[in-house]
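Source file: work_4.cif; contents: mmCIF, C-alpha atoms.
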data_data
loop_
_atom_site.label_atom_id
_atom_site.label_comp_id
_atom_site.auth_asym_id
_atom_site.auth_seq_id
_atom_site.Cartn_x
_atom_site.Cartn_y
_atom_site.Cartn_z
CA MET A 13 -35.12 -20.17 -137.65
CA VAL A 14 -35.78 -19.23 -134.03
CA ASP A 15 -35.11 -22.11 -131.61
CA LEU A 16 -37.32 -21.93 -128.52
CA ASP A 17 -36.75 -25.51 -127.37
CA MET A 18 -34.24 -25.17 -124.53
CA GLY A 19 -34.45 -28.87 -123.67
CA SER A 20 -33.15 -29.78 -120.22
CA TYR A 21 -31.77 -26.24 -119.73
CA ALA A 22 -35.20 -24.56 -120.00
CA ALA A 23 -35.39 -24.17 -116.21
CA PHE A 24 -32.28 -21.95 -116.35
CA VAL A 25 -32.50 -20.15 -119.71
CA TRP A 26 -36.11 -18.92 -119.47
CA PRO A 27 -35.90 -17.55 -115.89
CA ALA A 28 -32.72 -15.67 -116.89
CA TRP A 29 -34.50 -14.01 -119.81
CA VAL A 30 -37.74 -13.38 -117.91
CA VAL A 31 -35.90 -11.71 -115.00
CA THR A 32 -33.86 -9.63 -117.44
CA VAL A 33 -36.93 -8.42 -119.33
CA GLY A 34 -38.77 -7.73 -116.07
CA VAL A 35 -35.94 -5.70 -114.52
CA LEU A 36 -35.25 -3.70 -117.69
CA VAL A 37 -38.96 -2.92 -118.16
CA ALA A 38 -39.16 -1.81 -114.50
CA VAL A 39 -36.12 0.49 -114.93
CA VAL A 40 -37.56 2.05 -118.09
CA ALA A 41 -41.03 2.42 -116.53
CA ARG A 42 -39.66 4.14 -113.43
CA CYS A 43 -37.47 6.43 -115.54
CA LEU A 44 -40.35 7.51 -117.77
CA THR A 45 -42.96 7.88 -115.01
CA GLN A 46 -40.58 10.05 -112.95
CA ALA A 47 -39.84 12.19 -116.03
CA LEU A 48 -43.57 12.63 -116.65
CA ARG A 49 -44.34 13.33 -112.99
CA TRP A 50 -41.75 16.14 -112.57
CA LYS A 51 -42.52 17.63 -116.00
CA ARG A 52 -46.20 17.90 -115.04
CA GLU A 53 -45.28 19.42 -111.68
CA LEU A 54 -43.05 22.04 -113.38
CA ASP A 55 -45.76 22.85 -115.94
CA ARG A 56 -48.30 23.26 -113.11
CA LEU A 57 -46.04 25.60 -111.11
CA GLU A 58 -45.07 27.65 -114.15
CA GLY A 59 -48.76 27.81 -115.15
CA ASP A 60 -49.63 29.18 -111.69
CA ASN A 61 -46.94 31.87 -112.11
CA GLN A 62 -48.52 33.26 -115.27
CA MET B 18 -17.87 19.51 -122.92
CA PHE B 19 -17.75 22.03 -120.08
CA GLY B 20 -20.39 24.06 -121.96
CA LEU B 21 -22.80 21.25 -121.16
CA ALA B 22 -22.34 22.00 -117.46
CA ASN B 23 -24.92 24.76 -117.93
CA PRO B 24 -28.27 23.02 -117.17
CA ASP B 25 -30.20 25.08 -119.75
CA ARG B 26 -27.67 24.27 -122.47
CA PHE B 27 -27.61 20.63 -121.39
CA MET B 28 -31.40 20.43 -121.71
CA ARG B 29 -31.29 22.10 -125.13
CA VAL B 30 -28.47 19.90 -126.51
CA THR B 31 -29.78 16.58 -125.18
CA ARG B 32 -33.42 17.11 -126.13
CA PRO B 33 -33.06 15.86 -129.74
CA LEU B 34 -30.88 12.91 -128.62
CA VAL B 35 -33.23 11.27 -126.14
CA GLY B 36 -35.98 10.09 -128.53
CA PRO B 37 -33.62 8.52 -131.10
CA LEU B 38 -31.69 6.77 -128.29
CA TRP B 39 -34.89 5.10 -127.05
CA VAL B 40 -35.71 3.97 -130.61
CA ILE B 41 -32.16 2.66 -131.24
CA ALA B 42 -32.23 0.75 -127.94
CA ALA B 43 -35.63 -0.82 -128.71
CA VAL B 44 -34.59 -1.87 -132.24
CA LEU B 45 -31.22 -3.31 -131.13
CA LEU B 46 -32.85 -5.17 -128.22
CA ALA B 47 -35.42 -6.71 -130.57
CA VAL B 48 -32.79 -7.71 -133.16
CA GLY B 49 -30.37 -9.03 -130.51
CA THR B 50 -33.07 -11.07 -128.76
CA VAL B 51 -34.24 -12.77 -131.97
CA TRP B 52 -30.59 -13.37 -132.97
CA ALA B 53 -29.82 -14.92 -129.57
CA PHE B 54 -32.45 -17.61 -130.23
CA ARG B 55 -31.28 -18.26 -133.79
CA VAL B 56 -27.67 -19.20 -133.03
CA PRO B 57 -26.87 -22.93 -132.86
CA GLU B 58 -26.47 -24.67 -129.51
CA ASP B 59 -22.93 -24.58 -128.18
CA ALA B 60 -21.15 -27.96 -128.21
CA LEU B 61 -20.22 -27.68 -124.52
CA GLN B 62 -22.79 -25.29 -123.03
CA GLY B 63 -25.82 -26.43 -125.02
CA ASP B 64 -28.72 -23.95 -124.87
CA THR B 65 -27.31 -22.21 -121.78
CA VAL B 66 -25.15 -20.26 -124.25
CA ARG B 67 -28.25 -18.08 -124.77
CA ILE B 68 -27.77 -16.72 -121.24
CA LEU B 69 -24.42 -15.33 -122.46
CA PHE B 70 -26.26 -12.71 -124.57
CA ILE B 71 -27.87 -11.13 -121.50
CA HIS B 72 -25.21 -11.90 -118.88
CA VAL B 73 -22.10 -10.42 -120.56
CA PRO B 74 -23.75 -7.09 -121.58
CA ALA B 75 -25.24 -6.72 -118.08
CA ALA B 76 -21.84 -7.30 -116.42
CA SER B 77 -20.03 -4.97 -118.85
CA LEU B 78 -22.59 -2.20 -118.39
CA GLY B 79 -22.56 -2.68 -114.61
CA LEU B 80 -18.86 -1.78 -114.71
CA ALA B 81 -19.14 0.98 -117.34
CA VAL B 82 -22.03 2.67 -115.54
CA TYR B 83 -20.09 2.67 -112.27
CA ALA B 84 -17.18 4.33 -114.10
CA SER B 85 -19.65 7.04 -115.22
CA LEU B 86 -20.95 7.36 -111.65
CA GLY B 87 -17.45 7.56 -110.17
CA LEU B 88 -16.26 10.18 -112.68
CA SER B 89 -19.43 12.22 -112.09
CA CYS B 90 -18.68 12.08 -108.35
CA LEU B 91 -15.12 13.27 -109.02
CA PHE B 92 -16.39 16.22 -111.11
CA TYR B 93 -18.94 17.05 -108.42
CA LEU B 94 -16.35 17.02 -105.65
CA ILE B 95 -13.94 19.20 -107.67
CA PHE B 96 -16.34 21.67 -109.32
CA ARG B 97 -19.40 21.32 -107.01
CA HIS B 98 -21.55 21.39 -110.12
CA SER B 99 -25.14 20.23 -109.71
CA LEU B 100 -25.22 18.57 -113.13
CA ALA B 101 -22.34 16.26 -112.19
CA ASP B 102 -24.26 15.27 -109.06
CA ALA B 103 -27.41 14.73 -111.15
CA ALA B 104 -25.41 12.49 -113.53
CA ALA B 105 -24.12 10.39 -110.61
CA ARG B 106 -27.57 10.09 -109.07
CA ALA B 107 -29.14 9.15 -112.43
CA ALA B 108 -26.61 6.35 -112.97
CA VAL B 109 -27.48 4.47 -109.76
CA LEU B 110 -30.71 2.72 -110.78
CA PRO B 111 -29.57 1.43 -114.22
CA GLY B 112 -26.14 0.53 -112.81
CA ALA B 113 -27.57 -1.45 -109.89
CA ALA B 114 -30.06 -3.12 -112.26
CA PHE B 115 -27.34 -4.21 -114.72
CA THR B 116 -25.07 -5.47 -111.93
CA GLY B 117 -27.93 -7.31 -110.21
CA LEU B 118 -28.89 -8.90 -113.53
CA ALA B 119 -25.28 -9.99 -114.11
CA LEU B 120 -25.31 -11.73 -110.70
CA ILE B 121 -28.70 -13.41 -111.24
CA THR B 122 -28.09 -14.55 -114.84
CA GLY B 123 -24.60 -15.67 -113.86
CA ALA B 124 -26.06 -17.88 -111.12
CA LEU B 125 -28.63 -19.31 -113.58
CA TRP B 126 -25.76 -20.16 -115.95
CA GLY B 127 -23.46 -21.39 -113.19
CA GLN B 128 -25.81 -24.00 -111.74
CA PRO B 129 -26.03 -26.20 -114.89
CA MET B 130 -22.43 -25.51 -116.02
CA TRP B 131 -20.46 -25.43 -112.74
CA GLY B 132 -22.91 -27.35 -110.58
CA THR B 133 -23.32 -24.43 -108.17
CA TRP B 134 -25.30 -21.17 -108.03
CA TRP B 135 -22.54 -19.27 -106.28
CA VAL B 136 -18.89 -19.49 -105.23
CA TRP B 137 -16.93 -16.90 -103.28
CA ASP B 138 -14.33 -16.52 -106.01
CA ALA B 139 -12.72 -13.16 -106.79
CA ARG B 140 -14.86 -12.30 -109.86
CA LEU B 141 -18.23 -13.11 -108.33
CA THR B 142 -17.37 -11.53 -104.99
CA SER B 143 -16.05 -8.31 -106.55
CA MET B 144 -19.24 -8.09 -108.66
CA LEU B 145 -21.29 -8.47 -105.48
CA VAL B 146 -19.21 -5.67 -103.92
CA LEU B 147 -19.97 -3.52 -106.99
CA PHE B 148 -23.71 -4.13 -106.50
CA LEU B 149 -23.41 -3.23 -102.81
CA LEU B 150 -21.55 -0.02 -103.74
CA TYR B 151 -24.51 1.08 -105.86
CA ILE B 152 -26.89 0.33 -102.98
CA ALA B 153 -24.62 2.07 -100.46
CA TYR B 154 -24.43 5.19 -102.68
CA ALA B 155 -28.25 5.35 -102.88
CA VAL B 156 -28.68 4.75 -99.14
CA LEU B 157 -26.06 7.34 -98.18
CA ARG B 158 -27.63 9.96 -100.45
CA GLY B 159 -30.98 9.45 -98.78
CA ALA B 160 -29.58 9.40 -95.24
CA PHE B 161 -29.26 13.21 -94.94
CA ASP B 162 -32.02 15.80 -94.63
CA ASP B 163 -29.69 18.27 -96.38
CA GLU B 164 -29.41 17.12 -100.02
CA GLY B 165 -26.05 18.87 -100.44
CA ARG B 166 -24.49 16.99 -97.52
CA GLY B 167 -25.92 13.72 -98.82
CA ALA B 168 -24.52 14.40 -102.27
CA ARG B 169 -21.04 15.17 -100.90
CA ALA B 170 -20.93 12.09 -98.66
CA ALA B 171 -22.23 9.80 -101.41
CA SER B 172 -19.77 11.31 -103.92
CA VAL B 173 -16.82 10.42 -101.68
CA LEU B 174 -18.12 6.85 -101.48
CA GLY B 175 -18.74 6.77 -105.25
CA LEU B 176 -15.21 7.95 -105.92
CA VAL B 177 -13.59 5.47 -103.52
CA GLY B 178 -15.65 2.68 -105.11
CA LEU B 179 -13.78 3.20 -108.41
CA ILE B 180 -10.98 1.12 -106.86
CA ASN B 181 -13.22 -1.93 -107.27
CA LEU B 182 -13.43 -1.65 -111.09
CA PRO B 183 -9.93 -2.93 -111.96
CA ILE B 184 -10.38 -5.59 -109.26
CA VAL B 185 -13.51 -6.87 -111.04
CA LYS B 186 -11.91 -6.65 -114.49
CA PHE B 187 -8.59 -8.32 -113.64
CA SER B 188 -9.80 -10.66 -110.88
CA VAL B 189 -9.78 -13.59 -113.32
CA ASP B 190 -6.12 -12.87 -114.14
CA TRP B 191 -4.86 -12.04 -110.66
CA TRP B 192 -6.47 -14.93 -108.80
CA ASN B 193 -7.41 -18.52 -109.49
CA THR B 194 -11.16 -18.27 -110.10
CA LEU B 195 -13.95 -20.63 -111.14
CA HIS B 196 -15.14 -17.85 -113.46
CA GLN B 197 -13.51 -18.22 -116.89
CA PRO B 198 -10.98 -15.61 -118.10
CA ALA B 199 -12.02 -12.80 -120.45
CA SER B 200 -13.07 -14.13 -123.86
CA LEU B 201 -14.21 -10.87 -125.50
CA LEU B 202 -11.73 -8.13 -124.53
CA ARG B 203 -8.36 -9.83 -124.21
CA ALA B 204 -4.86 -9.64 -125.65
CA GLY B 205 -4.67 -11.52 -128.95
CA GLY B 206 -8.31 -10.87 -129.88
CA THR B 207 -11.59 -12.53 -129.00
CA SER B 208 -11.86 -16.28 -128.58
CA LEU B 209 -15.57 -16.27 -129.37
CA ASP B 210 -16.91 -17.92 -132.51
CA PRO B 211 -18.36 -15.27 -134.92
CA ALA B 212 -21.72 -17.05 -134.70
CA TYR B 213 -21.90 -15.91 -131.05
CA LEU B 214 -19.74 -12.79 -131.28
CA TRP B 215 -22.04 -10.70 -133.51
CA PRO B 216 -25.31 -11.26 -131.63
CA LEU B 217 -23.38 -10.61 -128.41
CA LEU B 218 -22.01 -7.30 -129.76
CA THR B 219 -25.54 -6.38 -130.88
CA MET B 220 -26.87 -6.98 -127.37
CA MET B 221 -23.99 -4.99 -125.87
CA ALA B 222 -24.80 -2.07 -128.19
CA ALA B 223 -28.49 -2.44 -127.20
CA TYR B 224 -27.69 -2.30 -123.47
CA LEU B 225 -25.41 0.70 -124.04
CA ALA B 226 -28.11 2.56 -125.99
CA LEU B 227 -30.68 1.67 -123.32
CA PHE B 228 -28.40 2.96 -120.58
CA LEU B 229 -27.72 6.23 -122.43
CA ALA B 230 -31.47 6.71 -123.02
CA VAL B 231 -32.29 6.04 -119.34
CA TRP B 232 -29.33 8.10 -118.09
CA LEU B 233 -30.04 11.18 -120.22
CA THR B 234 -33.76 11.02 -119.40
CA ALA B 235 -33.02 10.67 -115.68
CA ILE B 236 -30.49 13.57 -115.69
CA ARG B 237 -33.03 15.75 -117.49
CA THR B 238 -35.65 14.71 -114.91
CA GLU B 239 -33.26 15.64 -112.11
CA VAL B 240 -32.77 19.10 -113.64
CA VAL B 241 -36.56 19.52 -113.82
CA ARG B 242 -36.96 18.23 -110.22
CA ARG B 243 -34.47 20.83 -108.96
CA ARG B 244 -36.30 23.58 -110.83
CA VAL B 245 -39.56 22.47 -109.18
CA LEU B 246 -37.94 22.47 -105.72
CA ALA B 247 -36.38 25.89 -106.38
CA LEU B 248 -39.75 27.31 -107.50
CA LYS B 249 -41.50 25.89 -104.43
CA SER B 250 -38.79 27.23 -102.16
CA ARG B 251 -39.06 30.70 -103.73
CA ARG B 252 -42.83 30.68 -103.32
CA ALA B 253 -42.53 29.62 -99.70
CA ARG B 254 -40.13 32.53 -99.06
CA GLU B 255 -42.43 34.98 -100.86
CA GLY B 256 -45.38 33.64 -98.85
CA ALA B 257 -43.46 34.03 -95.59
CA HIS B 258 -42.65 37.66 -96.42
CA GLY B 259 -46.33 38.33 -97.12
#

What does this structure look like when you write it as structure tokens?
Amino acid sequence: MVDLDMGSYAAFVWPAWVVTVGVLVAVVARCLTQALRWKRELDRLEGDNQ
Amino acid sequence: MFGLANPDRFMRVTRPLVGPLWVIAAVLLAVGTVWAFRVPEDALQGDTVRILFIHVPAASLGLAVYASLGLSCLFYLIFRHSLADAAARAAVLPGAAFTGLALITGALWGQPMWGTWWVWDARLTSMLVLFLLYIAYAVLRGAFDDEGRGARAASVLGLVGLINLPIVKFSVDWWNTLHQPASLLRAGGTSLDPAYLWPLLTMMAAYLALFLAVWLTAIRTEVVRRRVLALKSRRAREGAHG
């Protein structure tokens, strides 16, 4: 069973997990948006060439 | 391996790997997270043991990613190959993120267990130096108008920074530190209870898969970015010649 009651340590455990999730989501989001941005730019330039 | 140095071949070979890596990372992260909240409280650490499952993988990956960055810098300085430079550049963001997370989660574990957020002991200080090395690499790269000069200067720094890795790893053995000695990778085997060991290994595998997914995607993006810049440059030259 999942235990979500962190008792007196809640003020330390939850911020650690929230910060971790936030930072990892930000890294993934930046990685994917940059990939999409440059792919679109390449497609546009190659489309103009044809 | 050297065949992959060709950007076209690299793009072709890595294309079928990227999607599955993202899926593996997502599944392992989900399983590891649920598992981390199913283990029993530790007798000494109580529920703060759940910070272990995000702190240890972040610290390990912070080191491993810097090793990748440093080796990429070495290859770039020797062979001057753009893909090695792209690999180094792509490692900076995930590496700095993992190292920063190791510092933050470590502080959030340290306050209830040690009674302090921070001490200037050898392990914590060398991890802070590692974080600053990532930042310095990124700053140095961006400090030059000429990308090639920036890449060369940052690669020298990245290579020199490799010296810090054994200092981080062995700091707990070489000096008297508040940080506990290695409990996972140590002579004589792990000292961790299997109840904590397996979810921890799952989270480490998840972080590794996530890094590989981010790294490969970012290297591929860098290859695309350079193609875009090359195309724009060629057009500008053609335009200038009428």

_Residues of chain A within 6 Å of chain B, counting only C-alpha atoms, as a PyMOL selection string_ = chain A and resi 13-15+18+24-25+28+47+50+54

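With distances taken over all atoms listed in the file, B:Ala22 is the one residue among B:Ala160, B:Leu38, B:Leu174, B:Ala22 lying closest to Ala101 (chain B).
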
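If all atoms listed in the file are the atoms counted, then among A:Leu48, A:Val37, A:Cys43, A:Val31 the closest residue to Leu120 (chain B) is A:Val31.
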
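With all atoms listed in the file taken into account, every residue lying no more than 10 Å from the file point (-8.2, -10.9, -113.2) is included here: Ala139, Arg140, Pro183, Ile184, Val185, Lys186, Phe187, Ser188, Val189, Asp190, Trp191, Trp192, Asn193, Thr194, His196, Gln197, Pro198 and Ala199 of chain B.
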
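Counting all atoms listed in the file, the residue from A:Leu57, A:Pro27, A:Val35, A:Val40 that sits nearest to Ser250 (chain B) is A:Leu57.
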
*What does the PyMOL selection byres ((chain B and resi 181) around 10) select in this file, as JSON, numbers by chain?*
{"B": [80, 83, 143, 144, 146, 147, 150, 177, 178, 179, 180, 182, 183, 184, 185, 186]}

Please dump the current selection as a PDB file, in the coordinates of the input; keep C-alpha atoms.
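The resulting file, out-v1.pdb, is reproduced below:
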ATOM      1  CA  LEU B  80     -18.860  -1.780-114.710  1.00  0.00           C
ATOM      2  CA  TYR B  83     -20.090   2.670-112.270  1.00  0.00           C
ATOM      3  CA  SER B 143     -16.050  -8.310-106.550  1.00  0.00           C
ATOM      4  CA  MET B 144     -19.240  -8.090-108.660  1.00  0.00           C
ATOM      5  CA  VAL B 146     -19.210  -5.670-103.920  1.00  0.00           C
ATOM      6  CA  LEU B 147     -19.970  -3.520-106.990  1.00  0.00           C
ATOM      7  CA  LEU B 150     -21.550  -0.020-103.740  1.00  0.00           C
ATOM      8  CA  VAL B 177     -13.590   5.470-103.520  1.00  0.00           C
ATOM      9  CA  GLY B 178     -15.650   2.680-105.110  1.00  0.00           C
ATOM     10  CA  LEU B 179     -13.780   3.200-108.410  1.00  0.00           C
ATOM     11  CA  ILE B 180     -10.980   1.120-106.860  1.00  0.00           C
ATOM     12  CA  LEU B 182     -13.430  -1.650-111.090  1.00  0.00           C
ATOM     13  CA  PRO B 183      -9.930  -2.930-111.960  1.00  0.00           C
ATOM     14  CA  ILE B 184     -10.380  -5.590-109.260  1.00  0.00           C
ATOM     15  CA  VAL B 185     -13.510  -6.870-111.040  1.00  0.00           C
ATOM     16  CA  LYS B 186     -11.910  -6.650-114.490  1.00  0.00           C
TER      17      LYS B 186
END

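The interatomic distance for the pair CA of Val109 (chain B) and CA of Arg158 (chain B) works out to 10.8 Å.
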
_Given the PyMOL selection byres ((chain B and resi 41) around 12) and the file above, list the residues it selects as a ChimeraX atom specification._
/B:34-40,42-49,219-220,222-230

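Residue nearest Arg97 (chain B) within the list B:Thr207, B:Ser172, B:Ser200, B:Ser85: B:Ser172 [criterion: smallest interatomic distance, only C-alpha atoms].
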
*Could you check how far CA of Arg106 (chain B) sits from CA of Ala38 (chain A), in Å to one decimal?*
17.5 Å

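When CA of Asp138 (chain B) is paired with CA of Leu195 (chain B), their separation reads 6.6 Å.
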
As a PDB file, in the coordinates of the input, please: region 55-81 of chain B completed to N, CA and C atoms.
ATOM      1  N   ARG B  55     -31.505 -17.660-132.466  1.00  0.00           N
ATOM      2  CA  ARG B  55     -31.280 -18.260-133.790  1.00  0.00           C
ATOM      3  C   ARG B  55     -29.915 -18.921-133.902  1.00  0.00           C
ATOM      4  N   VAL B  56     -29.017 -18.604-132.962  1.00  0.00           N
ATOM      5  CA  VAL B  56     -27.670 -19.200-133.030  1.00  0.00           C
ATOM      6  C   VAL B  56     -27.761 -20.693-132.677  1.00  0.00           C
ATOM      7  N   PRO B  57     -26.837 -21.499-133.200  1.00  0.00           N
ATOM      8  CA  PRO B  57     -26.870 -22.930-132.860  1.00  0.00           C
ATOM      9  C   PRO B  57     -26.466 -23.162-131.408  1.00  0.00           C
ATOM     10  N   GLU B  58     -26.892 -24.285-130.866  1.00  0.00           N
ATOM     11  CA  GLU B  58     -26.470 -24.670-129.510  1.00  0.00           C
ATOM     12  C   GLU B  58     -24.955 -24.792-129.474  1.00  0.00           C
ATOM     13  N   ASP B  59     -24.370 -24.411-128.348  1.00  0.00           N
ATOM     14  CA  ASP B  59     -22.930 -24.580-128.180  1.00  0.00           C
ATOM     15  C   ASP B  59     -22.629 -26.055-127.866  1.00  0.00           C
ATOM     16  N   ALA B  60     -21.486 -26.545-128.397  1.00  0.00           N
ATOM     17  CA  ALA B  60     -21.150 -27.960-128.210  1.00  0.00           C
ATOM     18  C   ALA B  60     -21.002 -28.317-126.730  1.00  0.00           C
ATOM     19  N   LEU B  61     -20.446 -27.384-125.934  1.00  0.00           N
ATOM     20  CA  LEU B  61     -20.220 -27.680-124.520  1.00  0.00           C
ATOM     21  C   LEU B  61     -21.360 -27.158-123.633  1.00  0.00           C
ATOM     22  N   GLN B  62     -21.812 -25.937-123.909  1.00  0.00           N
ATOM     23  CA  GLN B  62     -22.790 -25.290-123.030  1.00  0.00           C
ATOM     24  C   GLN B  62     -24.238 -25.605-123.390  1.00  0.00           C
ATOM     25  N   GLY B  63     -24.451 -26.174-124.580  1.00  0.00           N
ATOM     26  CA  GLY B  63     -25.820 -26.430-125.020  1.00  0.00           C
ATOM     27  C   GLY B  63     -26.596 -25.124-125.134  1.00  0.00           C
ATOM     28  N   ASP B  64     -27.882 -25.148-124.742  1.00  0.00           N
ATOM     29  CA  ASP B  64     -28.720 -23.950-124.870  1.00  0.00           C
ATOM     30  C   ASP B  64     -28.418 -22.893-123.817  1.00  0.00           C
ATOM     31  N   THR B  65     -27.619 -23.233-122.794  1.00  0.00           N
ATOM     32  CA  THR B  65     -27.310 -22.210-121.780  1.00  0.00           C
ATOM     33  C   THR B  65     -26.463 -21.079-122.383  1.00  0.00           C
ATOM     34  N   VAL B  66     -25.924 -21.316-123.590  1.00  0.00           N
ATOM     35  CA  VAL B  66     -25.150 -20.260-124.250  1.00  0.00           C
ATOM     36  C   VAL B  66     -26.028 -19.026-124.489  1.00  0.00           C
ATOM     37  N   ARG B  67     -27.344 -19.219-124.530  1.00  0.00           N
ATOM     38  CA  ARG B  67     -28.250 -18.080-124.770  1.00  0.00           C
ATOM     39  C   ARG B  67     -28.300 -17.127-123.575  1.00  0.00           C
ATOM     40  N   ILE B  68     -27.866 -17.610-122.418  1.00  0.00           N
ATOM     41  CA  ILE B  68     -27.770 -16.720-121.240  1.00  0.00           C
ATOM     42  C   ILE B  68     -26.609 -15.744-121.422  1.00  0.00           C
ATOM     43  N   LEU B  69     -25.590 -16.172-122.194  1.00  0.00           N
ATOM     44  CA  LEU B  69     -24.420 -15.330-122.460  1.00  0.00           C
ATOM     45  C   LEU B  69     -24.834 -13.953-123.014  1.00  0.00           C
ATOM     46  N   PHE B  70     -25.878 -13.953-123.872  1.00  0.00           N
ATOM     47  CA  PHE B  70     -26.260 -12.710-124.570  1.00  0.00           C
ATOM     48  C   PHE B  70     -26.925 -11.687-123.646  1.00  0.00           C
ATOM     49  N   ILE B  71     -27.329 -12.109-122.460  1.00  0.00           N
ATOM     50  CA  ILE B  71     -27.870 -11.130-121.500  1.00  0.00           C
ATOM     51  C   ILE B  71     -26.939 -10.965-120.294  1.00  0.00           C
ATOM     52  N   HIS B  72     -26.108 -11.982-120.043  1.00  0.00           N
ATOM     53  CA  HIS B  72     -25.210 -11.900-118.880  1.00  0.00           C
ATOM     54  C   HIS B  72     -24.005 -10.987-119.159  1.00  0.00           C
ATOM     55  N   VAL B  73     -23.327 -11.199-120.273  1.00  0.00           N
ATOM     56  CA  VAL B  73     -22.100 -10.420-120.560  1.00  0.00           C
ATOM     57  C   VAL B  73     -22.410  -8.923-120.720  1.00  0.00           C
ATOM     58  N   PRO B  74     -23.452  -8.533-121.500  1.00  0.00           N
ATOM     59  CA  PRO B  74     -23.750  -7.090-121.580  1.00  0.00           C
ATOM     60  C   PRO B  74     -24.112  -6.492-120.219  1.00  0.00           C
ATOM     61  N   ALA B  75     -24.849  -7.244-119.401  1.00  0.00           N
ATOM     62  CA  ALA B  75     -25.240  -6.720-118.080  1.00  0.00           C
ATOM     63  C   ALA B  75     -23.996  -6.487-117.220  1.00  0.00           C
ATOM     64  N   ALA B  76     -23.062  -7.446-117.232  1.00  0.00           N
ATOM     65  CA  ALA B  76     -21.840  -7.300-116.420  1.00  0.00           C
ATOM     66  C   ALA B  76     -20.990  -6.136-116.937  1.00  0.00           C
ATOM     67  N   SER B  77     -20.841  -6.050-118.271  1.00  0.00           N
ATOM     68  CA  SER B  77     -20.030  -4.970-118.850  1.00  0.00           C
ATOM     69  C   SER B  77     -20.612  -3.602-118.524  1.00  0.00           C
ATOM     70  N   LEU B  78     -21.945  -3.497-118.669  1.00  0.00           N
ATOM     71  CA  LEU B  78     -22.590  -2.200-118.390  1.00  0.00           C
ATOM     72  C   LEU B  78     -22.560  -1.886-116.894  1.00  0.00           C
ATOM     73  N   GLY B  79     -22.654  -2.916-116.059  1.00  0.00           N
ATOM     74  CA  GLY B  79     -22.560  -2.680-114.610  1.00  0.00           C
ATOM     75  C   GLY B  79     -21.255  -1.975-114.277  1.00  0.00           C
ATOM     76  N   LEU B  80     -20.177  -2.408-114.920  1.00  0.00           N
ATOM     77  CA  LEU B  80     -18.860  -1.780-114.710  1.00  0.00           C
ATOM     78  C   LEU B  80     -18.792  -0.393-115.347  1.00  0.00           C
ATOM     79  N   ALA B  81     -19.238  -0.296-116.609  1.00  0.00           N
ATOM     80  CA  ALA B  81     -19.140   0.980-117.340  1.00  0.00           C
ATOM     81  C   ALA B  81     -19.982   2.063-116.663  1.00  0.00           C
TER      82      ALA B  81
END
